[in-house]
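Here is upload.txt, consisting of compact mmCIF, C-alpha atoms:
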# COMPACT_ATOMS: atom_id res chain seq x y z
CA MET A 1 -22.38 1.58 -18.22
CA THR A 2 -19.47 0.57 -20.40
CA CYS A 3 -19.76 -2.18 -23.02
CA CYS A 4 -17.50 -4.33 -20.86
CA SER A 5 -19.81 -3.92 -17.88
CA GLN A 6 -22.88 -4.60 -20.01
CA ASN A 7 -21.40 -7.88 -21.19
CA LEU A 8 -20.45 -8.84 -17.66
CA ALA A 9 -23.88 -7.98 -16.34
CA SER A 10 -25.42 -10.10 -19.10
CA ARG A 11 -23.24 -13.06 -18.23
CA LEU A 12 -24.04 -12.69 -14.54
CA ARG A 13 -27.82 -12.44 -15.02
CA PRO A 14 -29.28 -15.71 -13.67
CA ALA A 15 -31.06 -17.74 -16.32
CA GLY A 16 -34.41 -19.39 -15.69
CA ARG A 17 -34.35 -22.82 -14.10
CA LYS A 18 -34.41 -25.59 -16.68
CA ARG A 19 -34.96 -29.27 -16.21
CA GLY A 20 -31.67 -31.11 -16.35
CA LEU A 21 -29.56 -27.94 -16.07
CA THR A 22 -26.14 -28.89 -14.69
CA GLU A 23 -23.71 -26.92 -12.54
CA GLN A 24 -21.51 -26.46 -15.58
CA ASP A 25 -24.40 -24.93 -17.54
CA ASP A 26 -25.02 -22.08 -15.07
CA SER A 27 -23.27 -22.04 -11.72
CA SER A 28 -25.13 -18.88 -10.72
CA LEU A 29 -28.22 -21.05 -10.11
CA HIS A 30 -26.31 -22.74 -7.31
CA HIS A 31 -24.91 -19.49 -5.89
CA PRO A 32 -27.70 -16.93 -6.41
CA VAL A 33 -26.65 -14.56 -3.61
CA HIS A 34 -23.15 -14.27 -5.00
CA ALA A 35 -24.40 -13.90 -8.56
CA ARG A 36 -26.74 -11.07 -7.55
CA GLY A 37 -23.93 -9.37 -5.67
CA LEU A 38 -21.67 -9.49 -8.71
CA GLN A 39 -24.47 -8.28 -10.96
CA ALA A 40 -25.07 -5.31 -8.66
CA LEU A 41 -21.38 -4.39 -8.81
CA ALA A 42 -21.37 -4.65 -12.61
CA SER A 43 -24.42 -2.38 -12.88
CA ARG A 44 -22.54 0.32 -10.93
CA ASN A 45 -19.27 -0.03 -12.87
CA ARG A 46 -17.57 -1.44 -9.78
CA LEU A 47 -16.99 -5.04 -10.79
CA ARG A 48 -13.34 -5.95 -10.36
CA GLN A 49 -11.44 -8.10 -12.82
CA VAL A 50 -7.95 -9.52 -12.87
CA THR A 51 -6.38 -8.21 -16.07
CA HIS A 52 -3.08 -8.74 -17.86
CA ARG A 53 -0.29 -6.20 -17.50
CA GLU A 54 0.02 -4.44 -20.83
CA GLY A 55 1.36 -1.06 -21.89
CA TRP A 56 3.70 1.43 -20.24
CA ASP A 57 3.69 1.33 -16.46
CA PHE A 58 1.69 4.13 -14.85
CA SER A 59 -0.05 1.96 -12.26
CA SER A 60 2.44 -0.17 -10.33
CA ASN A 61 4.16 0.56 -7.01
CA ASP A 62 7.54 -0.44 -8.46
CA TYR A 63 8.61 3.18 -8.05
CA LEU A 64 12.37 2.67 -8.39
CA GLY A 65 12.01 0.21 -11.27
CA LEU A 66 13.79 -2.47 -9.27
CA ALA A 67 11.46 -5.44 -9.79
CA CYS A 68 13.01 -6.40 -13.15
CA SER A 69 16.35 -4.66 -12.68
CA PRO A 70 19.84 -6.12 -13.12
CA GLU A 71 20.58 -5.15 -9.51
CA LEU A 72 17.72 -7.22 -8.13
CA HIS A 73 18.62 -10.10 -10.44
CA GLY A 74 22.14 -9.94 -9.05
CA ASP A 75 20.82 -10.01 -5.48
CA LEU A 76 18.78 -13.08 -6.35
CA MET A 77 21.78 -14.87 -7.81
CA GLN A 78 23.84 -14.01 -4.74
CA ALA A 79 21.09 -15.28 -2.44
CA MET A 80 20.73 -18.51 -4.40
CA ALA A 81 24.47 -19.12 -4.19
CA LYS A 82 24.17 -18.80 -0.44
CA ASP A 83 20.99 -20.89 -0.01
CA ALA A 84 18.77 -21.92 -2.92
CA ALA A 85 15.95 -23.32 -0.76
CA MET A 86 12.55 -21.75 -1.41
CA GLY A 87 10.05 -23.37 0.95
CA SER A 88 10.36 -22.76 4.67
CA GLY A 89 8.45 -25.87 5.77
CA GLY A 90 6.38 -24.34 8.54
CA SER A 91 5.73 -21.32 10.72
CA ARG A 92 8.57 -19.36 12.28
CA LEU A 93 7.78 -20.92 15.68
CA LEU A 94 8.05 -24.45 14.29
CA ARG A 95 10.81 -25.33 11.82
CA GLY A 96 10.21 -22.38 9.50
CA ASN A 97 12.63 -19.96 11.16
CA HIS A 98 15.95 -19.54 9.35
CA ARG A 99 19.03 -17.43 9.78
CA ALA A 100 18.00 -15.47 6.67
CA HIS A 101 14.90 -14.19 8.47
CA VAL A 102 16.90 -13.20 11.54
CA GLU A 103 19.63 -11.52 9.50
CA LEU A 104 17.04 -9.52 7.57
CA GLU A 105 15.30 -8.39 10.78
CA ASP A 106 18.58 -7.42 12.43
CA GLU A 107 19.69 -5.48 9.36
CA ALA A 108 16.32 -3.72 9.05
CA ALA A 109 16.43 -2.68 12.71
CA ARG A 110 19.93 -1.30 12.19
CA LEU A 111 19.06 0.58 8.99
CA PHE A 112 15.81 2.07 10.31
CA GLY A 113 17.24 2.80 13.75
CA THR A 114 14.90 0.71 15.89
CA GLU A 115 15.45 -1.91 18.58
CA ALA A 116 13.92 -4.73 16.57
CA SER A 117 11.86 -5.66 13.52
CA LEU A 118 9.67 -8.55 12.39
CA TYR A 119 9.26 -9.73 8.79
CA PHE A 120 5.91 -10.78 7.31
CA SER A 121 5.13 -12.15 3.86
CA SER A 122 3.15 -9.01 2.93
CA GLY A 123 2.49 -5.50 4.17
CA PHE A 124 -1.20 -6.35 4.43
CA LEU A 125 -0.44 -9.25 6.78
CA ALA A 126 1.91 -7.06 8.82
CA ASN A 127 -0.79 -4.42 9.36
CA LEU A 128 -3.32 -7.13 10.16
CA ALA A 129 -0.96 -8.51 12.81
CA LEU A 130 -0.05 -5.11 14.23
CA PHE A 131 -3.53 -3.73 14.75
CA SER A 132 -5.15 -6.99 15.83
CA THR A 133 -2.47 -7.60 18.47
CA LEU A 134 -0.72 -4.54 19.91
CA PRO A 135 -3.61 -2.24 20.98
CA GLN A 136 -5.19 -3.79 24.09
CA ARG A 137 -8.64 -3.90 25.63
CA GLY A 138 -9.43 -0.44 26.97
CA ASP A 139 -7.17 1.30 24.42
CA ILE A 140 -8.40 3.26 21.42
CA VAL A 141 -7.12 3.51 17.84
CA VAL A 142 -7.60 6.90 16.21
CA HIS A 143 -6.88 6.48 12.53
CA ASP A 144 -6.79 8.77 9.55
CA ALA A 145 -9.98 8.51 7.51
CA LEU A 146 -7.93 7.47 4.46
CA ILE A 147 -5.84 4.78 6.16
CA HIS A 148 -5.04 1.52 4.36
CA ALA A 149 -7.70 -1.21 4.18
CA SER A 150 -5.35 -3.61 5.96
CA VAL A 151 -5.45 -1.36 9.04
CA HIS A 152 -9.25 -1.49 9.03
CA ASP A 153 -9.18 -5.29 8.89
CA GLY A 154 -6.69 -5.41 11.75
CA MET A 155 -8.85 -3.13 13.87
CA ARG A 156 -11.90 -5.32 13.25
CA LEU A 157 -10.02 -8.23 14.83
CA SER A 158 -8.77 -6.21 17.80
CA ARG A 159 -10.28 -5.73 21.25
CA THR A 160 -10.16 -1.95 21.05
CA ASP A 161 -12.46 0.84 20.03
CA ALA A 162 -11.57 2.69 16.83
CA VAL A 163 -12.53 6.10 15.54
CA ALA A 164 -11.70 7.89 12.29
CA ALA A 165 -10.20 11.38 12.25
CA GLU A 166 -10.57 13.76 9.32
CA HIS A 167 -7.72 13.31 6.86
CA ASN A 168 -4.50 15.00 8.03
CA ASP A 169 -6.42 17.04 10.63
CA VAL A 170 -4.20 17.08 13.73
CA ASP A 171 -6.88 18.77 15.84
CA ALA A 172 -9.34 16.01 14.92
CA PHE A 173 -6.90 13.39 16.24
CA ASN A 174 -6.39 15.33 19.45
CA ASP A 175 -10.10 16.02 19.94
CA ALA A 176 -10.97 12.32 19.48
CA ILE A 177 -8.62 11.41 22.32
CA VAL A 178 -9.93 14.22 24.53
CA ARG A 179 -13.53 13.04 24.02
CA TRP A 180 -12.52 9.46 24.75
CA ARG A 181 -10.80 10.47 27.99
CA ARG A 182 -13.77 12.61 28.98
CA ASP A 183 -16.08 9.63 28.46
CA GLY A 184 -13.97 7.46 30.75
CA GLY A 185 -11.23 6.10 28.49
CA THR A 186 -8.28 5.04 30.62
CA GLY A 187 -6.13 3.00 28.26
CA ARG A 188 -3.59 4.09 25.69
CA PRO A 189 -4.41 5.89 22.43
CA TRP A 190 -2.81 4.60 19.23
CA LEU A 191 -2.66 7.01 16.29
CA ALA A 192 -2.52 5.32 12.88
CA VAL A 193 -1.44 7.20 9.76
CA GLU A 194 0.29 6.72 6.44
CA SER A 195 3.36 8.86 5.85
CA LEU A 196 2.46 9.11 2.14
CA TYR A 197 -1.15 8.41 1.24
CA SER A 198 -1.48 5.85 -1.50
CA MET A 199 -4.48 7.31 -3.33
CA ASP A 200 -3.95 11.05 -2.80
CA GLY A 201 -0.18 11.39 -2.89
CA ASP A 202 -0.08 13.80 0.06
CA THR A 203 1.93 13.42 3.25
CA ALA A 204 1.02 13.28 6.93
CA PRO A 205 1.97 16.00 9.47
CA LEU A 206 4.05 13.51 11.43
CA ASP A 207 5.77 15.97 13.80
CA ASP A 208 2.47 17.48 14.90
CA LEU A 209 0.94 14.02 15.37
CA PHE A 210 3.96 12.98 17.43
CA GLU A 211 3.28 15.92 19.73
CA VAL A 212 -0.28 14.64 20.15
CA VAL A 213 0.84 11.16 21.21
CA ASN A 214 3.35 12.65 23.64
CA ARG A 215 0.62 14.83 25.13
CA HIS A 216 -1.68 11.84 25.68
CA ASP A 217 0.82 9.06 26.48
CA GLY A 218 0.00 7.39 23.18
CA VAL A 219 1.73 5.52 20.36
CA LEU A 220 2.18 6.75 16.81
CA VAL A 221 1.97 4.04 14.13
CA ILE A 222 3.43 5.18 10.81
CA ASP A 223 2.68 3.16 7.69
CA GLU A 224 5.61 3.99 5.41
CA ALA A 225 4.43 1.63 2.65
CA HIS A 226 4.67 4.14 -0.21
CA ALA A 227 7.66 6.06 1.17
CA THR A 228 10.13 3.30 2.04
CA GLY A 229 13.10 3.35 -0.31
CA VAL A 230 12.03 6.64 -1.90
CA LEU A 231 11.46 9.42 0.66
CA GLY A 232 13.27 10.57 3.77
CA PRO A 233 17.00 10.40 4.49
CA HIS A 234 18.56 7.53 2.53
CA GLY A 235 15.02 6.41 1.63
CA ARG A 236 14.26 5.45 5.23
CA GLY A 237 10.80 7.03 5.10
CA LEU A 238 9.26 10.33 6.14
CA GLY A 239 9.22 9.32 9.80
CA ALA A 240 12.90 8.35 9.92
CA HIS A 241 13.70 11.05 12.51
CA LEU A 242 11.10 9.53 14.85
CA GLU A 243 12.21 5.91 14.52
CA GLY A 244 13.64 4.32 17.65
CA ARG A 245 11.32 6.18 20.06
CA SER A 246 9.52 4.03 22.60
CA ASN A 247 6.16 5.35 21.41
CA VAL A 248 6.66 4.97 17.64
CA VAL A 249 5.95 1.89 15.51
CA SER A 250 6.54 1.81 11.78
CA LEU A 251 5.68 -0.45 8.87
CA HIS A 252 8.01 -0.70 5.87
CA THR A 253 6.84 -2.73 2.88
CA CYS A 254 9.24 -4.61 0.63
CA GLY A 255 6.94 -5.18 -2.37
CA LYS A 256 6.69 -1.59 -3.59
CA ALA A 257 9.81 0.52 -4.12
CA LEU A 258 12.05 -2.39 -3.08
CA GLY A 259 10.53 -4.51 -5.85
CA ILE A 260 10.22 -7.81 -3.94
CA MET A 261 7.61 -8.81 -1.33
CA GLY A 262 6.87 -8.67 2.38
CA GLY A 263 6.49 -6.17 5.19
CA LEU A 264 8.65 -5.20 8.17
CA ILE A 265 7.26 -3.98 11.47
CA CYS A 266 9.92 -1.90 13.26
CA ALA A 267 9.36 -1.21 16.95
CA PRO A 268 10.74 -1.49 20.48
CA ARG A 269 11.87 -5.03 21.31
CA VAL A 270 9.06 -5.58 23.83
CA LEU A 271 6.41 -4.96 21.14
CA ILE A 272 8.13 -7.26 18.65
CA ASP A 273 8.33 -10.00 21.29
CA PHE A 274 4.65 -9.47 22.07
CA LEU A 275 3.80 -9.95 18.38
CA ILE A 276 5.83 -13.15 18.28
CA ASN A 277 3.91 -14.49 21.27
CA ARG A 278 0.40 -13.18 20.62
CA SER A 279 -0.07 -12.38 16.94
CA ARG A 280 -2.09 -15.08 15.20
CA PRO A 281 -1.08 -13.85 11.70
CA PHE A 282 2.53 -14.46 12.76
CA ILE A 283 2.13 -17.62 14.85
CA TYR A 284 -0.01 -19.58 12.40
CA THR A 285 1.43 -18.45 9.05
CA THR A 286 4.00 -20.45 7.12
CA ALA A 287 7.24 -18.47 7.22
CA PRO A 288 8.15 -16.39 4.17
CA PRO A 289 10.61 -18.19 1.88
CA ARG A 290 14.10 -17.83 3.28
CA LEU A 291 15.49 -17.15 -0.20
CA ILE A 292 13.17 -14.15 -0.48
CA ALA A 293 14.20 -12.94 2.97
CA GLU A 294 17.83 -12.98 1.87
CA VAL A 295 17.06 -11.07 -1.34
CA VAL A 296 15.11 -8.47 0.67
CA ARG A 297 18.08 -8.02 3.01
CA LEU A 298 20.53 -7.50 0.16
CA THR A 299 18.24 -5.11 -1.71
CA LEU A 300 17.19 -3.16 1.38
CA THR A 301 20.81 -2.63 2.37
CA ARG A 302 21.80 -1.44 -1.09
CA VAL A 303 18.80 0.86 -1.60
CA LEU A 304 19.10 2.57 1.78
CA GLN A 305 22.81 3.16 1.23
CA ASP A 306 22.51 4.38 -2.38
CA ASP A 307 23.09 8.12 -2.14
CA SER A 308 25.29 9.27 -4.99
CA CYS A 309 26.74 12.77 -5.07
CA ASP A 310 26.09 13.27 -8.79
CA GLY A 311 22.31 12.81 -8.77
CA SER A 312 22.46 9.44 -10.50
CA SER A 313 20.86 7.29 -7.81
CA ARG A 314 17.46 5.77 -8.52
CA ARG A 315 15.95 8.01 -5.85
CA ASP A 316 17.40 11.09 -7.53
CA GLN A 317 16.16 9.95 -10.93
CA LEU A 318 12.65 9.42 -9.57
CA LYS A 319 12.70 12.84 -7.91
CA GLN A 320 13.50 14.40 -11.29
CA ARG A 321 10.75 12.34 -12.95
CA VAL A 322 8.25 13.67 -10.39
CA SER A 323 9.36 17.23 -11.08
CA ASN A 324 9.04 16.77 -14.85
CA ALA A 325 5.59 15.25 -14.45
CA GLY A 326 4.44 18.17 -12.32
CA VAL A 327 5.45 20.71 -14.94
CA ALA A 328 3.82 18.76 -17.77
CA LEU A 329 0.58 18.07 -15.91
CA MET A 330 0.10 21.74 -15.08
CA ALA A 331 0.97 22.91 -18.59
CA LYS A 332 -1.13 20.37 -20.51
CA CYS A 333 -3.93 19.46 -18.11
CA GLY A 334 -4.07 22.24 -15.53
CA LEU A 335 -3.46 19.67 -12.79
CA LYS A 336 -1.52 20.61 -9.68
CA SER A 337 1.21 18.15 -8.80
CA THR A 338 1.28 16.45 -5.42
CA GLY A 339 5.06 16.70 -5.51
CA THR A 340 5.31 12.96 -4.92
CA HIS A 341 5.37 9.83 -7.06
CA VAL A 342 1.62 9.28 -6.48
CA GLN A 343 -0.58 11.59 -8.55
CA PRO A 344 -4.38 11.27 -8.47
CA ILE A 345 -6.34 12.44 -11.48
CA LEU A 346 -9.81 13.08 -10.09
CA VAL A 347 -12.71 12.26 -12.40
CA GLY A 348 -15.75 12.01 -10.13
CA SER A 349 -18.10 9.40 -11.52
CA ASP A 350 -17.21 5.71 -11.61
CA GLU A 351 -18.32 5.41 -15.25
CA HIS A 352 -16.18 8.28 -16.50
CA ALA A 353 -13.13 7.04 -14.58
CA VAL A 354 -13.47 3.63 -16.24
CA GLN A 355 -13.94 5.24 -19.66
CA LEU A 356 -10.89 7.48 -19.28
CA ALA A 357 -8.69 4.63 -18.08
CA GLY A 358 -9.89 2.43 -20.94
CA ALA A 359 -9.13 5.10 -23.53
CA LEU A 360 -5.59 5.55 -22.22
CA GLN A 361 -5.02 1.80 -22.06
CA LYS A 362 -5.96 1.54 -25.73
CA ARG A 363 -3.24 4.09 -26.44
CA GLY A 364 -0.65 1.90 -24.71
CA PHE A 365 -0.58 3.30 -21.17
CA ASP A 366 -1.28 1.03 -18.20
CA ILE A 367 -3.25 3.20 -15.80
CA ARG A 368 -6.25 2.06 -13.78
CA ALA A 369 -9.51 3.53 -12.53
CA ILE A 370 -9.83 3.64 -8.73
CA ARG A 371 -13.42 3.59 -7.53
CA PRO A 372 -15.35 3.38 -4.25
CA PRO A 373 -15.05 1.83 -1.75
CA THR A 374 -11.28 2.17 -2.23
CA VAL A 375 -11.80 5.95 -2.42
CA PRO A 376 -14.76 8.01 -1.09
CA LYS A 377 -17.96 8.10 -3.13
CA GLY A 378 -17.89 10.71 -5.86
CA THR A 379 -14.08 10.81 -6.02
CA ALA A 380 -13.38 8.07 -8.58
CA ARG A 381 -10.03 8.74 -10.18
CA LEU A 382 -7.08 7.52 -12.12
CA ARG A 383 -4.08 6.84 -9.90
CA MET A 384 -1.01 7.93 -11.82
CA SER A 385 2.04 6.17 -10.44
CA LEU A 386 5.42 7.61 -11.38
CA THR A 387 8.16 5.01 -11.73
CA LEU A 388 11.50 4.50 -13.41
CA ASN A 389 9.87 1.92 -15.69
CA VAL A 390 9.14 4.67 -18.23
CA THR A 391 11.27 7.38 -19.82
CA ASP A 392 10.64 11.12 -19.82
CA GLU A 393 9.60 10.82 -23.47
CA ILE A 394 6.94 8.24 -22.59
CA LEU A 395 5.82 10.42 -19.70
CA SER A 396 5.41 13.34 -22.09
CA ASP A 397 3.37 11.18 -24.48
CA PHE A 398 1.17 10.04 -21.62
CA VAL A 399 0.40 13.57 -20.44
CA GLU A 400 -0.44 14.60 -24.00
CA ALA A 401 -2.78 11.61 -24.37
CA LEU A 402 -4.36 12.36 -20.98
CA ALA A 403 -5.08 15.94 -22.02
CA GLN A 404 -6.70 14.79 -25.26
CA GLU A 405 -8.82 12.06 -23.69
CA ARG A 406 -10.02 14.31 -20.86
CA GLU A 407 -11.18 16.82 -23.43
CA LEU A 408 -13.00 14.11 -25.40
CA LEU A 409 -14.67 12.91 -22.20
CA ARG A 410 -15.99 16.41 -21.51
CA SER A 411 -17.40 16.85 -25.01
Hey, can you dump this file as structure tokens for me?
Amino acid sequence: MTCCSQNLASRLRPAGRKRGLTEQDDSSLHHPVHARGLQALASRNRLRQVTHREGWDFSSNDYLGLACSPELHGDLMQAMAKDAAMGSGGSRLLRGNHRAHVELEDEAARLFGTEASLYFSSGFLANLALFSTLPQRGDIVVHDALIHASVHDGMRLSRTDAVAAEHNDVDAFNDAIVRWRRDGGTGRPWLAVESLYSMDGDTAPLDDLFEVVNRHDGVLVIDEAHATGVLGPHGRGLGAHLEGRSNVVSLHTCGKALGIMGGLICAPRVLIDFLINRSRPFIYTTAPPRLIAEVVRLTLTRVLQDDSCDGSSRRDQLKQRVSNAGVALMAKCGLKSTGTHVQPILVGSDEHAVQLAGALQKRGFDIRAIRPPTVPKGTARLRMSLTLNVTDEILSDFVEALAQERELLRS
């Protein structure tokens, strides 16, 4: 256990009951179940804390470095000149709907090549809405074992059965549907995958999975959260060539490479209309700020149309950064690159992952330990995120520091 965890465990250890002890003296006496739960997490090096952002960025999803960029600041100023209102005043079905929301959704549908889209205030909320609403009673959701947590929460609220398939194993997806049909399943199978997996940095075999849904009259749901703006033609995602099909639904987040916030579900019009009428996360949520919707529209349009011929676009710069990182990681650490902007550094034990992250943070690099249940037990890791918020020189310094601290950890 690290010193930090020891101190936390000490603070969380319930004190003996004392006469006259007030709530301010020890709130854990009034919430013993919660205190014990936190203490158990601390003892296993799994207690989460909200920490300040310090050091060079190797942990954010701001892949294109847009969040604090002059371009995004310019989009904000342009949006404010058009309509400076922040609050929406209610849900989209009451008075919260605004032309900015509609214009964003129309533009997103045009750029991604789908009939329609629907904007949510976060990608998590969008996945919650999608999976709790679209699959119907009698259907089945076959999802990749490493799918986002938001998909799991959506499935828990749905009326369908759900089964996990081995990661990126196309045969496992197909076999799950075959077994379901054999056991009497008569509905529609929904296959849920990420195009780029957020903790492993590998990509899904989308074409093969699309063949599976065609074979079984199913629907392929592609979570493009970590690909939107970065991968695929014009940054449209790895499933761009499948968009617009009647049996494909995609999710594009706006708070990662686009640097803002929100999530867009892109799908056939009938599915979008069904979400508007049946999705509780849409119906009962205050609409996203219309100013933000306008900024997202401006940024999305610019990013998906930014393809310079001289290799100077942000996407091209990030691609070069990924290539440089791959060479350095292999040379200094013997680590094979994923070839994407998400690079896991497997450690194994929770304690060692926390120690390695802490050592690198002390050296000025903001990288975090990822532990179960976010990743499978025994696969605790550092998640190295490659962004344009650092230079190649800083990247080189980080890899050198990583090599040194890994060696110290082994000794």
Within 6 Å of segment 258-279 of chain A, which residues of segment 123-215 of chain A show up? Give each one with its shortest atom-to-atom distance in Å (one decimal) and the two atoms involved, counting all atoms listed in the file, rows by chain then rising residue number, as CSV.
residue,atom,partner,partner_atom,distance
A:Gly123,CA,A:Gly263,CA,4.2
A:Ala126,CA,A:Gly263,CA,5.9
A:Ala129,CA,A:Ser279,CA,5.7
A:Thr133,CA,A:Ser279,CA,5.6
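Using only C-alpha atoms, the residues found no farther than 12 Å from Asn61 of chain A, other than those of its own chain fewer than 5 positions away, are Leu66, Ala67, Ser198, Met199, Ala225, His226, Ala227, Thr228, Gly229, Val230, Thr253, Cys254, Gly255, Lys256, Ala257, Leu258, Gly259, Ile260, Met261, His341, Val342, Ile367, Arg383, Met384, Ser385, Leu386, Thr387, Leu388 and Asn389 of chain A.
Interatomic distance, atom CA of Val178 of chain A against atom CA of Val212 of chain A: 10.6 Å.
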Using all atoms listed in the file, can you list as an MDAnalysis selection string the residues within 8 Å of (8.6, -11.8, 11.0)?
chainID A and resid 92 101 105 117:121 264:265 276 282 287
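Using all atoms listed in the file for every distance, the candidate list A:Ala325, A:Val221, A:Ala165, A:Leu29 yields A:Ala325 as the residue closest to Glu393 of chain A.
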Enclose segment 393-398 of chain A, meaning all of its atoms listed in the file, in a box aligned along x, y and z, pad it by 4 Å on each side, and list the centre and edge lengths in Å to one decimal, as AutoDock Vina command-line options.
--center_x 5.4 --center_y 10.8 --center_z -22.1 --size_x 16.4 --size_y 13.1 --size_z 12.8
Using all atoms listed in the file, the shortest atom-to-atom distance to Ala328 of chain A among A:Glu166, A:Glu224, A:Glu107, A:Asp397 belongs to A:Asp397
Across A:Ser349, A:Gln404, A:Thr285, A:Asn324, the smallest distance to Pro376 of chain A, with all atoms listed in the file counted, is shown by A:Ser349
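Counting from atom CA of Gly218 of chain A, the distance to atom CA of Arg137 of chain A is 14.4 Å.
Ranking A:His30, A:His152, A:Arg368, A:Lys332 by their shortest atom-to-atom distance to Leu125 of chain A, with only C-alpha atoms included, puts A:His152 first.
Among A:Asp62, A:Pro288, A:Gly113, A:Ala35, the residue with the shortest atom-to-atom distance to Gly89 of chain A, counting all atoms listed in the file, is A:Pro288.
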Can you pull out the residues contacting Arg315 of chain A? Cut-off 10 Å, using only C-alpha atoms, and skip same-chain residues under 6 positions away; I want them as JSON, numbers by chain. {"A": [63, 64, 229, 230, 231, 234, 235, 257, 303, 304, 306, 307, 308, 321, 388]}
Kindly extract all protein, DNA and RNA residues lying within 9 Å of the coordinates (19.1, -14.4, -0.8) given in the file, considering all atoms listed in the file, and supply them as a PyMOL selection string. chain A and resi 75-84+100+290-298
